[in-house]
Structure formats: structure tokens, C-alpha cells
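This is coords-v9.cif. It holds mmCIF, C-alpha atoms.
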data_my_file
loop_
_atom_site.label_atom_id
_atom_site.label_comp_id
_atom_site.auth_asym_id
_atom_site.auth_seq_id
_atom_site.Cartn_x
_atom_site.Cartn_y
_atom_site.Cartn_z
CA MET U 1 53.33 -10.40 -99.87
CA ARG U 2 50.57 -12.91 -99.37
CA SER U 3 47.27 -12.80 -101.22
CA VAL U 4 43.97 -12.63 -99.38
CA TYR U 5 42.61 -15.08 -101.98
CA ARG U 6 42.99 -18.84 -101.85
CA SER U 7 43.27 -19.10 -105.65
CA GLU U 8 42.84 -17.14 -108.85
CA LYS U 9 39.39 -18.67 -109.25
CA ALA U 10 38.50 -17.39 -105.78
CA ARG U 11 39.68 -13.89 -106.68
CA ARG U 12 37.49 -13.89 -109.78
CA ALA U 13 34.45 -15.07 -107.80
CA VAL U 14 34.81 -12.26 -105.24
CA ARG U 15 35.41 -9.66 -107.93
CA SER U 16 32.36 -10.83 -109.89
CA TRP U 17 30.15 -10.61 -106.77
CA CYS U 18 31.30 -7.04 -106.06
CA VAL U 19 30.98 -5.83 -109.66
CA ASP U 20 27.48 -7.30 -109.95
CA ARG U 21 26.29 -5.78 -106.67
CA ILE U 22 27.55 -2.32 -107.61
CA ALA U 23 25.87 -2.62 -111.03
CA ASP U 24 22.60 -3.91 -109.56
CA ARG U 25 22.33 -1.08 -107.07
CA GLY U 26 21.84 1.42 -109.87
CA ALA U 27 22.96 4.42 -107.81
CA ALA U 28 24.73 7.42 -109.34
CA HIS U 29 28.42 6.71 -108.86
CA VAL U 30 31.68 6.36 -110.75
CA ARG U 31 34.25 3.62 -110.15
CA HIS U 32 37.83 3.74 -111.36
CA GLU U 33 41.19 2.32 -110.37
CA VAL U 34 44.51 3.92 -109.48
CA VAL U 35 47.96 2.36 -109.28
CA THR U 36 49.73 2.58 -105.91
CA SER U 37 52.71 0.96 -104.22
CA ALA U 38 50.19 -1.50 -102.73
CA GLY U 39 48.90 -2.43 -106.19
CA ILE U 40 45.65 -1.52 -107.90
CA THR U 41 43.18 0.39 -105.71
CA SER U 42 39.48 0.54 -106.51
CA VAL U 43 37.93 4.00 -106.00
CA LEU U 44 34.17 4.58 -106.01
CA THR U 45 32.86 8.15 -105.89
CA SER U 46 29.39 9.64 -105.56
CA GLY U 47 27.87 13.01 -104.85
CA PRO U 48 28.58 16.58 -106.01
CA GLU U 49 32.05 18.03 -106.33
CA PRO U 50 33.18 19.79 -103.12
CA GLY U 51 33.36 23.55 -103.09
CA ASP U 52 36.56 25.48 -102.38
CA GLY U 53 37.96 24.34 -99.05
CA GLU U 54 34.99 22.05 -98.42
CA PRO U 55 36.06 18.65 -97.08
CA SER U 56 34.92 15.57 -98.93
CA VAL U 57 34.30 12.26 -97.18
CA VAL U 58 36.62 9.29 -97.72
CA LEU U 59 35.20 5.99 -96.47
CA LEU U 60 37.44 3.05 -95.48
CA PRO U 61 35.51 -0.22 -94.96
CA GLY U 62 36.47 -2.76 -92.31
CA THR U 63 37.77 -6.30 -92.41
CA ASN U 64 36.17 -8.39 -95.19
CA MET U 65 34.15 -5.39 -96.39
CA ASN U 66 34.39 -3.07 -99.40
CA ALA U 67 32.52 -0.43 -101.39
CA ALA U 68 30.00 -2.95 -102.73
CA LEU U 69 28.88 -3.65 -99.15
CA CYS U 70 28.68 0.05 -98.16
CA LEU U 71 26.37 1.37 -100.88
CA PRO U 72 23.35 2.25 -98.67
CA LEU U 73 25.60 4.39 -96.46
CA VAL U 74 27.34 5.88 -99.50
CA GLU U 75 24.02 6.96 -100.98
CA LEU U 76 23.06 8.76 -97.77
CA LEU U 77 26.43 10.49 -97.44
CA ALA U 78 26.38 11.55 -101.10
CA ARG U 79 23.19 13.59 -100.56
CA LYS U 80 25.29 16.16 -98.69
CA GLY U 81 28.58 16.10 -100.59
CA ARG U 82 31.26 14.12 -102.35
CA VAL U 83 32.05 10.71 -100.89
CA THR U 84 34.87 8.44 -102.02
CA VAL U 85 35.06 4.78 -100.98
CA LEU U 86 38.37 2.92 -101.13
CA ASP U 87 38.56 -0.86 -101.20
CA LEU U 88 41.45 -1.72 -98.90
CA PRO U 89 44.24 -3.73 -100.55
CA GLY U 90 44.67 -7.14 -98.98
CA GLN U 91 40.93 -7.38 -98.23
CA PRO U 92 38.21 -9.05 -100.34
CA GLY U 93 37.02 -6.62 -102.99
CA LEU U 94 38.16 -4.85 -106.12
CA SER U 95 41.61 -3.66 -105.01
CA GLY U 96 44.80 -5.71 -105.15
CA GLY U 97 44.80 -8.81 -102.96
CA GLY U 98 48.36 -8.71 -101.63
CA ARG U 99 49.27 -7.69 -98.09
CA PRO U 100 52.57 -7.83 -96.21
CA ARG U 101 53.24 -10.34 -93.46
CA ALA U 102 54.77 -7.68 -91.20
CA GLY U 103 54.49 -3.91 -90.78
CA ARG U 104 50.95 -3.96 -92.11
CA MET U 105 49.66 -0.78 -90.46
CA SER U 106 52.55 1.42 -91.61
CA TRP U 107 52.04 -0.09 -95.09
CA TYR U 108 48.36 0.84 -94.98
CA GLY U 109 49.19 4.33 -93.73
CA GLU U 110 51.55 4.97 -96.64
CA TRP U 111 48.99 3.55 -99.08
CA LEU U 112 46.23 5.84 -97.83
CA GLY U 113 48.48 8.88 -98.15
CA GLU U 114 49.18 7.94 -101.77
CA VAL U 115 45.51 7.41 -102.64
CA LEU U 116 44.39 10.66 -101.02
CA ALA U 117 46.97 12.57 -103.08
CA LEU U 118 45.75 10.85 -106.25
CA THR U 119 41.99 11.03 -105.75
CA VAL U 120 40.97 13.80 -103.33
CA PRO U 121 41.40 17.38 -104.59
CA GLY U 122 41.31 19.06 -101.17
CA PRO U 123 40.75 18.35 -97.49
CA ALA U 124 39.06 15.12 -96.45
CA VAL U 125 37.15 13.74 -93.50
CA VAL U 126 38.29 10.13 -93.37
CA VAL U 127 35.63 7.77 -92.04
CA GLY U 128 37.00 4.38 -91.05
CA HIS U 129 35.07 1.35 -89.83
CA SER U 130 36.85 -1.29 -87.72
CA LEU U 131 40.11 -2.06 -89.60
CA GLY U 132 39.43 1.03 -91.71
CA GLY U 133 39.59 3.14 -88.56
CA ALA U 134 43.04 1.83 -87.72
CA VAL U 135 44.15 2.59 -91.29
CA ALA U 136 42.84 6.14 -90.93
CA LEU U 137 44.89 6.56 -87.76
CA ALA U 138 48.02 5.07 -89.34
CA CYS U 139 48.09 7.80 -92.01
CA ASP U 140 49.54 11.26 -91.42
CA SER U 141 48.52 12.81 -94.73
CA PRO U 142 48.07 16.61 -94.51
CA ARG U 143 44.89 16.20 -96.55
CA ILE U 144 43.14 14.64 -93.53
CA ALA U 145 41.13 17.44 -91.92
CA GLY U 146 39.32 15.14 -89.50
CA ARG U 147 38.60 11.51 -88.69
CA VAL U 148 35.37 9.72 -87.80
CA LEU U 149 36.24 6.29 -86.42
CA LEU U 150 33.41 3.75 -86.26
CA SER U 151 33.95 0.77 -83.93
CA SER U 152 37.59 1.38 -84.69
CA ALA U 153 40.49 -0.97 -84.29
CA GLY U 154 43.87 0.51 -83.38
CA ILE U 155 42.75 2.27 -80.18
CA THR U 156 42.31 -0.62 -77.76
CA ARG U 157 42.25 -4.40 -78.07
CA LEU U 158 39.15 -6.00 -79.52
CA ARG U 159 37.31 -8.39 -77.22
CA VAL U 160 36.23 -11.81 -78.50
CA SER U 161 33.62 -13.53 -76.32
CA ALA U 162 33.18 -17.28 -76.10
CA PRO U 163 29.81 -17.19 -77.97
CA LEU U 164 31.38 -15.10 -80.75
CA MET U 165 34.29 -17.52 -81.07
CA ALA U 166 31.85 -20.44 -81.09
CA ALA U 167 30.09 -18.86 -84.09
CA THR U 168 33.34 -17.97 -85.87
CA LEU U 169 34.94 -21.44 -86.02
CA PRO U 170 32.10 -23.21 -87.90
CA TRP U 171 31.96 -20.29 -90.33
CA LEU U 172 35.66 -20.67 -91.10
CA LEU U 173 35.83 -24.48 -91.16
CA ARG U 174 32.61 -25.35 -93.05
CA PRO U 175 31.06 -22.14 -94.33
CA THR U 176 27.38 -21.95 -95.21
CA VAL U 177 25.02 -19.02 -95.52
CA ALA U 178 23.30 -20.12 -92.30
CA ARG U 179 26.59 -20.20 -90.39
CA SER U 180 27.62 -16.85 -91.84
CA THR U 181 24.33 -15.33 -90.77
CA ALA U 182 24.69 -16.81 -87.28
CA LEU U 183 28.10 -15.14 -86.97
CA LEU U 184 26.76 -11.81 -88.20
CA ARG U 185 23.95 -11.94 -85.66
CA ARG U 186 26.57 -12.28 -82.93
CA MET U 187 28.23 -9.13 -84.25
CA ALA U 188 25.00 -7.13 -84.51
CA ALA U 189 22.65 -5.78 -81.86
CA PRO U 190 20.53 -8.52 -80.27
CA GLY U 191 16.99 -8.95 -81.49
CA GLN U 192 17.11 -5.98 -83.84
CA GLY U 193 16.91 -7.81 -87.17
CA ASN U 194 19.43 -5.33 -88.55
CA VAL U 195 21.62 -7.73 -90.55
CA PRO U 196 20.93 -7.06 -94.27
CA GLY U 197 20.14 -10.16 -96.29
CA HIS U 198 23.10 -9.82 -98.68
CA LEU U 199 25.66 -10.09 -95.87
CA GLY U 200 25.10 -13.80 -95.18
CA PRO U 201 25.90 -14.94 -98.75
CA TRP U 202 28.81 -12.49 -98.90
CA MET U 203 30.43 -13.82 -95.73
CA GLU U 204 29.94 -17.40 -96.93
CA LEU U 205 31.81 -16.43 -100.12
CA VAL U 206 34.57 -14.79 -98.08
CA ALA U 207 35.08 -17.89 -95.92
CA ARG U 208 35.29 -20.13 -99.00
CA CYS U 209 37.51 -17.88 -101.10
CA CYS U 210 39.66 -15.84 -98.73
CA ARG U 211 42.16 -15.95 -95.91
CA THR U 212 40.53 -13.60 -93.45
CA SER U 213 42.84 -11.33 -91.44
CA LEU U 214 42.81 -10.65 -87.73
CA ALA U 215 42.23 -7.21 -86.24
CA PRO U 216 45.45 -5.24 -85.72
CA PRO U 217 46.72 -4.59 -82.20
CA PRO U 218 46.42 -1.08 -80.76
CA LEU U 219 48.66 1.48 -82.40
CA SER U 220 51.52 2.89 -80.37
CA ALA U 221 50.93 5.59 -77.79
CA GLY U 222 53.38 7.86 -79.59
CA LEU U 223 51.55 7.59 -82.91
CA LEU U 224 48.13 8.15 -81.35
CA ASP U 225 49.45 11.17 -79.48
CA GLN U 226 50.53 12.67 -82.83
CA ARG U 227 47.00 12.21 -84.19
CA ARG U 228 45.57 14.54 -81.52
CA SER U 229 46.39 17.48 -83.80
CA VAL U 230 43.46 16.57 -86.09
CA PRO U 231 39.83 16.60 -84.82
CA THR U 232 38.58 13.08 -84.21
CA LEU U 233 35.22 11.59 -83.34
CA VAL U 234 34.96 7.95 -82.23
CA ALA U 235 31.63 6.10 -82.21
CA THR U 236 30.56 2.58 -81.39
CA GLY U 237 27.29 0.69 -81.21
CA ARG U 238 25.59 0.25 -77.87
CA PHE U 239 25.83 -3.54 -78.33
CA ASP U 240 29.24 -3.77 -80.00
CA SER U 241 30.62 -7.14 -78.87
CA PHE U 242 34.20 -6.38 -79.96
CA LEU U 243 34.47 -2.77 -78.78
CA PRO U 244 31.74 -2.06 -76.20
CA PRO U 245 31.25 1.57 -75.17
CA HIS U 246 32.65 1.02 -71.66
CA ALA U 247 35.95 -0.12 -73.20
CA LEU U 248 36.31 2.01 -76.34
CA GLY U 249 35.04 5.29 -74.89
CA PRO U 250 37.65 5.75 -72.13
CA ALA U 251 40.43 4.55 -74.46
CA ALA U 252 39.41 7.01 -77.19
CA ARG U 253 39.35 9.93 -74.77
CA ARG U 254 42.58 8.96 -73.02
CA ARG U 255 44.68 7.94 -76.03
CA LEU U 256 43.32 10.33 -78.70
CA GLY U 257 41.56 13.11 -76.82
CA ALA U 258 38.63 12.28 -79.10
CA GLU U 259 34.95 13.06 -78.82
CA PHE U 260 32.99 9.86 -78.22
CA ARG U 261 29.47 8.85 -79.26
CA VAL U 262 27.33 5.77 -78.71
CA ILE U 263 24.92 4.76 -81.49
CA GLU U 264 21.86 3.17 -79.98
CA GLY U 265 20.31 -0.01 -81.33
CA ALA U 266 23.48 -1.12 -83.15
CA GLY U 267 26.34 -3.54 -82.66
CA HIS U 268 29.69 -3.76 -84.47
CA LEU U 269 28.27 -3.55 -88.01
CA LEU U 270 27.55 0.17 -87.87
CA PRO U 271 27.53 0.93 -91.64
CA ASP U 272 25.08 -1.94 -92.18
CA GLU U 273 22.93 -1.71 -89.04
CA ALA U 274 22.62 2.06 -88.74
CA PRO U 275 23.50 3.83 -92.01
CA ALA U 276 21.16 6.77 -91.33
CA GLU U 277 22.61 7.34 -87.85
CA VAL U 278 26.18 7.03 -89.13
CA SER U 279 25.46 9.45 -91.97
CA ALA U 280 24.05 11.99 -89.51
CA VAL U 281 27.12 11.70 -87.27
CA VAL U 282 29.49 12.16 -90.21
CA GLU U 283 27.57 15.09 -91.65
CA GLY U 284 27.44 16.82 -88.26
CA PHE U 285 31.17 16.39 -87.85
CA ARG U 286 31.90 17.59 -91.41
CA THR U 287 29.70 20.64 -90.95
CA ALA U 288 31.46 21.52 -87.71
CA LEU U 289 34.75 21.55 -89.63
CA GLY U 290 33.31 24.10 -92.02
CA GLY U 291 32.07 21.74 -94.75
#

Just give me the structure of the file as C-alpha cells.
Amino acid sequence: MRSVYRSEKARRAVRSWCVDRIADRGAAHVRHEVVTSAGITSVLTSGPEPGDGEPSVVLLPGTNMNAALCLPLVELLARKGRVTVLDLPGQPGLSGGGRPRAGRMSWYGEWLGEVLALTVPGPAVVVGHSLGGAVALACDSPRIAGRVLLSSAGITRLRVSAPLMAATLPWLLRPTVARSTALLRRMAAPGQGNVPGHLGPWMELVARCCRTSLAPPPLSAGLLDQRRSVPTLVATGRFDSFLPPHALGPAARRRLGAEFRVIEGAGHLLPDEAPAEVSAVVEGFRTALGG
């Protein structure tokens, strides 16, 4: 196992940032931790208890993200029902920092199955963004009643343009808030001004304190074929630079038999750029399942 953090001091800095942001938000939520085979997992819950047979929502953030970054979306989702956010182990946040060097997606799939059994009393709609979407697909837990995959890895290869790479290298080599913000603007819709102000300082902290991970390759055809048994909706932003609609849409239909949506006015940062639109998509999907 290798830690996402460069040092113990770095781990404490990231943890402090996340704890402070959750506390400052002042929303009605409860955070606790559970012990899993992947180490400590941070669990944040909000919203009313689900009724009998009613699916709750389980949110899996993407690479370098966590519950502290998803609070605006969480607050919207919690208006309609119970939402649980899991900080992924091996990513910056409040869960354990270790991640394996090989077999990472099967490791994540087993972890998610454990956490669902420990924290979700009934069926769940698992909502995964980017890396979180691949994790949702890697898990075969019977508690998963449906999946909503937002700009999801694991379906087809992510595309990295020359301008995006040109913004990424300075951010990694000599991180500043300005360079972090420049990278985020490459990931968001052009000219929309949709990058929240807290993301620039957060990404600067990540570059200084963490060893960022790459997106996983597409999951195997056999595994994705097995996931067809559970209803799945895939969505991406109109301006997603990593997973544009013309690439992700056909792959999602062909490999998963999934419904596909395009969210207008957004790029790759769907939970941050378009929380209201994402919440509406999730709630519509959950309601269609009988929630």
C-alpha cells in the first residue's frame, strides 16, 4: 500500500481543511467513521431516514474530491431523502490514505460492498462522479438498486487535450492557487464562471500535499456486461474535456445499455458546476425506481 499523502504533516493539513469546511458549512449532517479492509472510511449523512424499500442515495466523489467538496450537492439531494457521502480511501479527504499499487478497482469494489453493508439499511442508488463512477461499477453489492454515473471513468478512456496537459504540469510542479484555478477552468465549461472559489485553494493544497492518482482504464467488457442487470443512467457535461458526449454516450449505450443524458452549460466538474441539475437527474432516476 502506498499513501496518497507525501508526509504525516501533509495528511494533517488536508484533514484539517476538510474538517473546517464541513464545520463552516453549518448544514444538518452527521459524520462518523467505519472500519473496513481498506482502513478507516469517513461517512457523512444528511436528510430524512428512508421509508421501507425506499432507496437512499450514496455519493462517491471523484479523484481528489471528497464530502467536504460536495456539500452544496449534498444539501440539495437531502431535501428529497437520505444521502450518504463516502470519502474514497486513497484519495485526499477524511478516509484512510492507503491504496494498492495493483488491482485497485477490484479493491475499491470490495470496499464499497463492505461500506454499503455497514452504513445503508436498504437499497441504494449509487451516484459516482469520475473515479467514483468507476468504483460504483466495480461493485456488485446486492444493495445497489441503480447507478447514476456522472462523467464516469471505467466506461471508455478519458481524453487529455494538449491545453489541459499544459495546465496540469505547472499545477503539479509548482502549485499555486492561480495555477490550480487555471487547471480547473480547463476542466469546466468555457466562459461560464462555474468554478466555485474554494476549489482553487483546495487543488493547490492537493498538489502540495498529495500524490494524485491517474484515472483508471476502462473496466472489462465482461464486468460491464454483468452490470446491465441494474438500471444505470450516465450523464456528462456538454463541455466535458475528458469525456465529451460524443465519446461517452455511445460507449455507455454499447457497453452498459445505459440511458444517457447531457447536462448543458457544464464541463467535467458536474457536482460543482451544476449541482441543481445533477440533483434533479438523481431525484428523477430515484423516483423512477420507486423511491

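Rounded to one decimal, atom CA of U:Leu118 and atom CA of U:Asp52 lie 17.7 Å from each other.
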
Once the PyMOL selection byres ((chain U and resi 78-82) around 10) has been evaluated on this model, what residues remain selected, and can you format them as a ChimeraX atom specification? /U:28-29,45-51,54-58,73-77,83-84,120,124,279,283,286-287,291

Residue subset to file, keeping C-alpha atoms, as a short mmCIF file (atom, residue, chain, number, x, y, z; two decimals), keeping the file's coordinate frame:
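Wrote it out as selection_37.cif, contents follow:
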data_model
loop_
_atom_site.label_atom_id
_atom_site.label_comp_id
_atom_site.auth_asym_id
_atom_site.auth_seq_id
_atom_site.Cartn_x
_atom_site.Cartn_y
_atom_site.Cartn_z
CA ALA U 28 24.73 7.42 -109.34
CA HIS U 29 28.42 6.71 -108.86
CA THR U 45 32.86 8.15 -105.89
CA SER U 46 29.39 9.64 -105.56
CA GLY U 47 27.87 13.01 -104.85
CA PRO U 48 28.58 16.58 -106.01
CA GLU U 49 32.05 18.03 -106.33
CA PRO U 50 33.18 19.79 -103.12
CA GLY U 51 33.36 23.55 -103.09
CA GLU U 54 34.99 22.05 -98.42
CA PRO U 55 36.06 18.65 -97.08
CA SER U 56 34.92 15.57 -98.93
CA VAL U 57 34.30 12.26 -97.18
CA VAL U 58 36.62 9.29 -97.72
CA LEU U 73 25.60 4.39 -96.46
CA VAL U 74 27.34 5.88 -99.50
CA GLU U 75 24.02 6.96 -100.98
CA LEU U 76 23.06 8.76 -97.77
CA LEU U 77 26.43 10.49 -97.44
CA VAL U 83 32.05 10.71 -100.89
CA THR U 84 34.87 8.44 -102.02
CA VAL U 120 40.97 13.80 -103.33
CA ALA U 124 39.06 15.12 -96.45
CA SER U 279 25.46 9.45 -91.97
CA GLU U 283 27.57 15.09 -91.65
CA ARG U 286 31.90 17.59 -91.41
CA THR U 287 29.70 20.64 -90.95
CA GLY U 291 32.07 21.74 -94.75
#

Quick one: axis-aligned box around all listed atoms of stretch 95-105 of chain U, 3 Å on every side, centre and edge lengths in Å to one decimal, written as JSON.
{"center_x": 48.2, "center_y": -5.6, "center_z": -97.8, "size_x": 19.2, "size_y": 15.6, "size_z": 20.7}

Original post:
For U:Gly132, which of U:Leu184, U:Leu173, U:Leu60, U:Leu44 is the closest residue, counting only C-alpha atoms?
Top reply: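 The shortest atom-to-atom distance to U:Gly132 comes from U:Leu60.
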
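Residues lying within 9 Å of stretch 197-202 of chain U, counting only C-alpha atoms and ignoring same-chain neighbours fewer than 2 positions away, are Val14, Trp17, Leu69, Thr176, Val177, Ala178, Arg179, Ser180, Thr181, Ala182, Leu183, Leu184, Val195, Glu204, Leu205, Val206, Ala207 and Asp272 of chain U.
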
| task | Report as an MDAnalysis selection string the full result of the PyMOL selection byres ((chain U and resi 231) around 6) when it is applied to this structure. | result | chainID U and resid 146 230 232

Checklist line | From U:Pro175, U:Gly257, U:Pro72, U:Pro142, residue lying nearest U:Glu277 [only C-alpha atoms] | finding: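 Among the listed residues, U:Pro72 lies closest to U:Glu277.
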
Using the chain letters and numbers from the file, give me the residues hit by the PyMOL selection byres ((chain U and resi 96) around 6), as a PDB file with C-alpha atoms, in the coordinates of the input.
ATOM      1  CA  GLY U  39      48.900  -2.430-106.190  1.00  0.00           C
ATOM      2  CA  ILE U  40      45.650  -1.520-107.900  1.00  0.00           C
ATOM      3  CA  PRO U  89      44.240  -3.730-100.550  1.00  0.00           C
ATOM      4  CA  SER U  95      41.610  -3.660-105.010  1.00  0.00           C
ATOM      5  CA  GLY U  97      44.800  -8.810-102.960  1.00  0.00           C
ATOM      6  CA  GLY U  98      48.360  -8.710-101.630  1.00  0.00           C
TER       7      GLY U  98
END

Atom CA of U:Pro123 sits from atom CA of U:Arg143 at a separation of 4.8 Å

Q) To one decimal place, how far is atom CA of U:Ser161 from atom CA of U:Val281 in Å? A)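 Going from atom CA of U:Ser161 over to atom CA of U:Val281, I get 28.3 Å.
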
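Residue nearest U:Gly222 within the list U:Arg104, U:Gly267, U:Leu94, U:Arg255: U:Arg255 [criterion: smallest interatomic distance, all atoms listed in the file].
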
Will you model N, CA and C atoms for stretch 9-43 of chain U and pass it back as a tab-separated table (two decimals), in the frame of the given file?
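Saved to selection_22.tsv:
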chain	number	residue	atom	x	y	z
U	9	LYS	N	40.83	-18.47	-109.08
U	9	LYS	CA	39.39	-18.67	-109.25
U	9	LYS	C	38.62	-17.98	-108.13
U	10	ALA	N	39.14	-18.06	-106.91
U	10	ALA	CA	38.50	-17.39	-105.78
U	10	ALA	C	38.50	-15.88	-105.96
U	11	ARG	N	39.60	-15.34	-106.44
U	11	ARG	CA	39.68	-13.89	-106.68
U	11	ARG	C	38.62	-13.46	-107.69
U	12	ARG	N	38.47	-14.23	-108.76
U	12	ARG	CA	37.49	-13.89	-109.78
U	12	ARG	C	36.07	-13.96	-109.24
U	13	ALA	N	35.79	-14.94	-108.37
U	13	ALA	CA	34.45	-15.07	-107.80
U	13	ALA	C	34.10	-13.87	-106.93
U	14	VAL	N	35.04	-13.42	-106.09
U	14	VAL	CA	34.81	-12.26	-105.24
U	14	VAL	C	34.64	-11.01	-106.08
U	15	ARG	N	35.50	-10.84	-107.06
U	15	ARG	CA	35.41	-9.66	-107.93
U	15	ARG	C	34.07	-9.62	-108.66
U	16	SER	N	33.63	-10.77	-109.18
U	16	SER	CA	32.36	-10.83	-109.89
U	16	SER	C	31.20	-10.44	-108.97
U	17	TRP	N	31.22	-10.93	-107.73
U	17	TRP	CA	30.15	-10.61	-106.77
U	17	TRP	C	30.10	-9.10	-106.55
U	18	CYS	N	31.25	-8.48	-106.35
U	18	CYS	CA	31.30	-7.04	-106.06
U	18	CYS	C	30.85	-6.22	-107.26
U	19	VAL	N	31.35	-6.57	-108.45
U	19	VAL	CA	30.98	-5.83	-109.66
U	19	VAL	C	29.48	-5.92	-109.89
U	20	ASP	N	28.91	-7.12	-109.72
U	20	ASP	CA	27.48	-7.30	-109.95
U	20	ASP	C	26.65	-6.51	-108.94
U	21	ARG	N	27.07	-6.51	-107.68
U	21	ARG	CA	26.29	-5.78	-106.67
U	21	ARG	C	26.32	-4.28	-106.93
U	22	ILE	N	27.46	-3.74	-107.30
U	22	ILE	CA	27.55	-2.32	-107.61
U	22	ILE	C	26.66	-1.99	-108.81
U	23	ALA	N	26.69	-2.85	-109.83
U	23	ALA	CA	25.87	-2.62	-111.03
U	23	ALA	C	24.38	-2.72	-110.71
U	24	ASP	N	24.01	-3.69	-109.88
U	24	ASP	CA	22.60	-3.91	-109.56
U	24	ASP	C	22.00	-2.79	-108.73
U	25	ARG	N	22.85	-2.12	-107.96
U	25	ARG	CA	22.33	-1.08	-107.07
U	25	ARG	C	21.76	0.09	-107.85
U	26	GLY	N	22.38	0.39	-108.99
U	26	GLY	CA	21.84	1.42	-109.87
U	26	GLY	C	21.98	2.84	-109.37
U	27	ALA	N	22.79	3.06	-108.34
U	27	ALA	CA	22.96	4.42	-107.81
U	27	ALA	C	23.91	5.21	-108.70
U	28	ALA	N	23.85	6.54	-108.56
U	28	ALA	CA	24.73	7.42	-109.34
U	28	ALA	C	26.12	7.42	-108.71
U	29	HIS	N	27.05	6.77	-109.37
U	29	HIS	CA	28.42	6.71	-108.86
U	29	HIS	C	29.37	6.43	-110.02
U	30	VAL	N	30.64	6.64	-109.76
U	30	VAL	CA	31.68	6.36	-110.75
U	30	VAL	C	32.74	5.52	-110.05
U	31	ARG	N	33.17	4.44	-110.70
U	31	ARG	CA	34.25	3.62	-110.15
U	31	ARG	C	35.44	3.63	-111.12
U	32	HIS	N	36.62	3.85	-110.56
U	32	HIS	CA	37.83	3.74	-111.36
U	32	HIS	C	38.93	3.13	-110.50
U	33	GLU	N	40.08	2.93	-111.07
U	33	GLU	CA	41.19	2.32	-110.37
U	33	GLU	C	42.44	3.18	-110.51
U	34	VAL	N	43.23	3.22	-109.45
U	34	VAL	CA	44.51	3.92	-109.48
U	34	VAL	C	45.61	2.95	-109.10
U	35	VAL	N	46.81	3.22	-109.58
U	35	VAL	CA	47.96	2.36	-109.28
U	35	VAL	C	48.73	2.96	-108.12
U	36	THR	N	48.98	2.14	-107.09
U	36	THR	CA	49.73	2.58	-105.91
U	36	THR	C	50.83	1.58	-105.61
U	37	SER	N	51.65	1.88	-104.63
U	37	SER	CA	52.71	0.96	-104.22
U	37	SER	C	52.14	-0.32	-103.63
U	38	ALA	N	50.86	-0.31	-103.24
U	38	ALA	CA	50.19	-1.50	-102.73
U	38	ALA	C	49.42	-2.23	-103.82
U	39	GLY	N	49.60	-1.83	-105.07
U	39	GLY	CA	48.90	-2.43	-106.19
U	39	GLY	C	47.71	-1.59	-106.62
U	40	ILE	N	46.84	-2.21	-107.42
U	40	ILE	CA	45.65	-1.52	-107.90
U	40	ILE	C	44.71	-1.22	-106.73
U	41	THR	N	44.18	0.01	-106.71
U	41	THR	CA	43.18	0.39	-105.71
U	41	THR	C	41.90	0.80	-106.40
U	42	SER	N	40.79	0.20	-105.97
U	42	SER	CA	39.48	0.54	-106.51
U	42	SER	C	38.92	1.75	-105.76
U	43	VAL	N	38.44	2.74	-106.54
U	43	VAL	CA	37.93	4.00	-106.00
U	43	VAL	C	36.52	4.20	-106.52
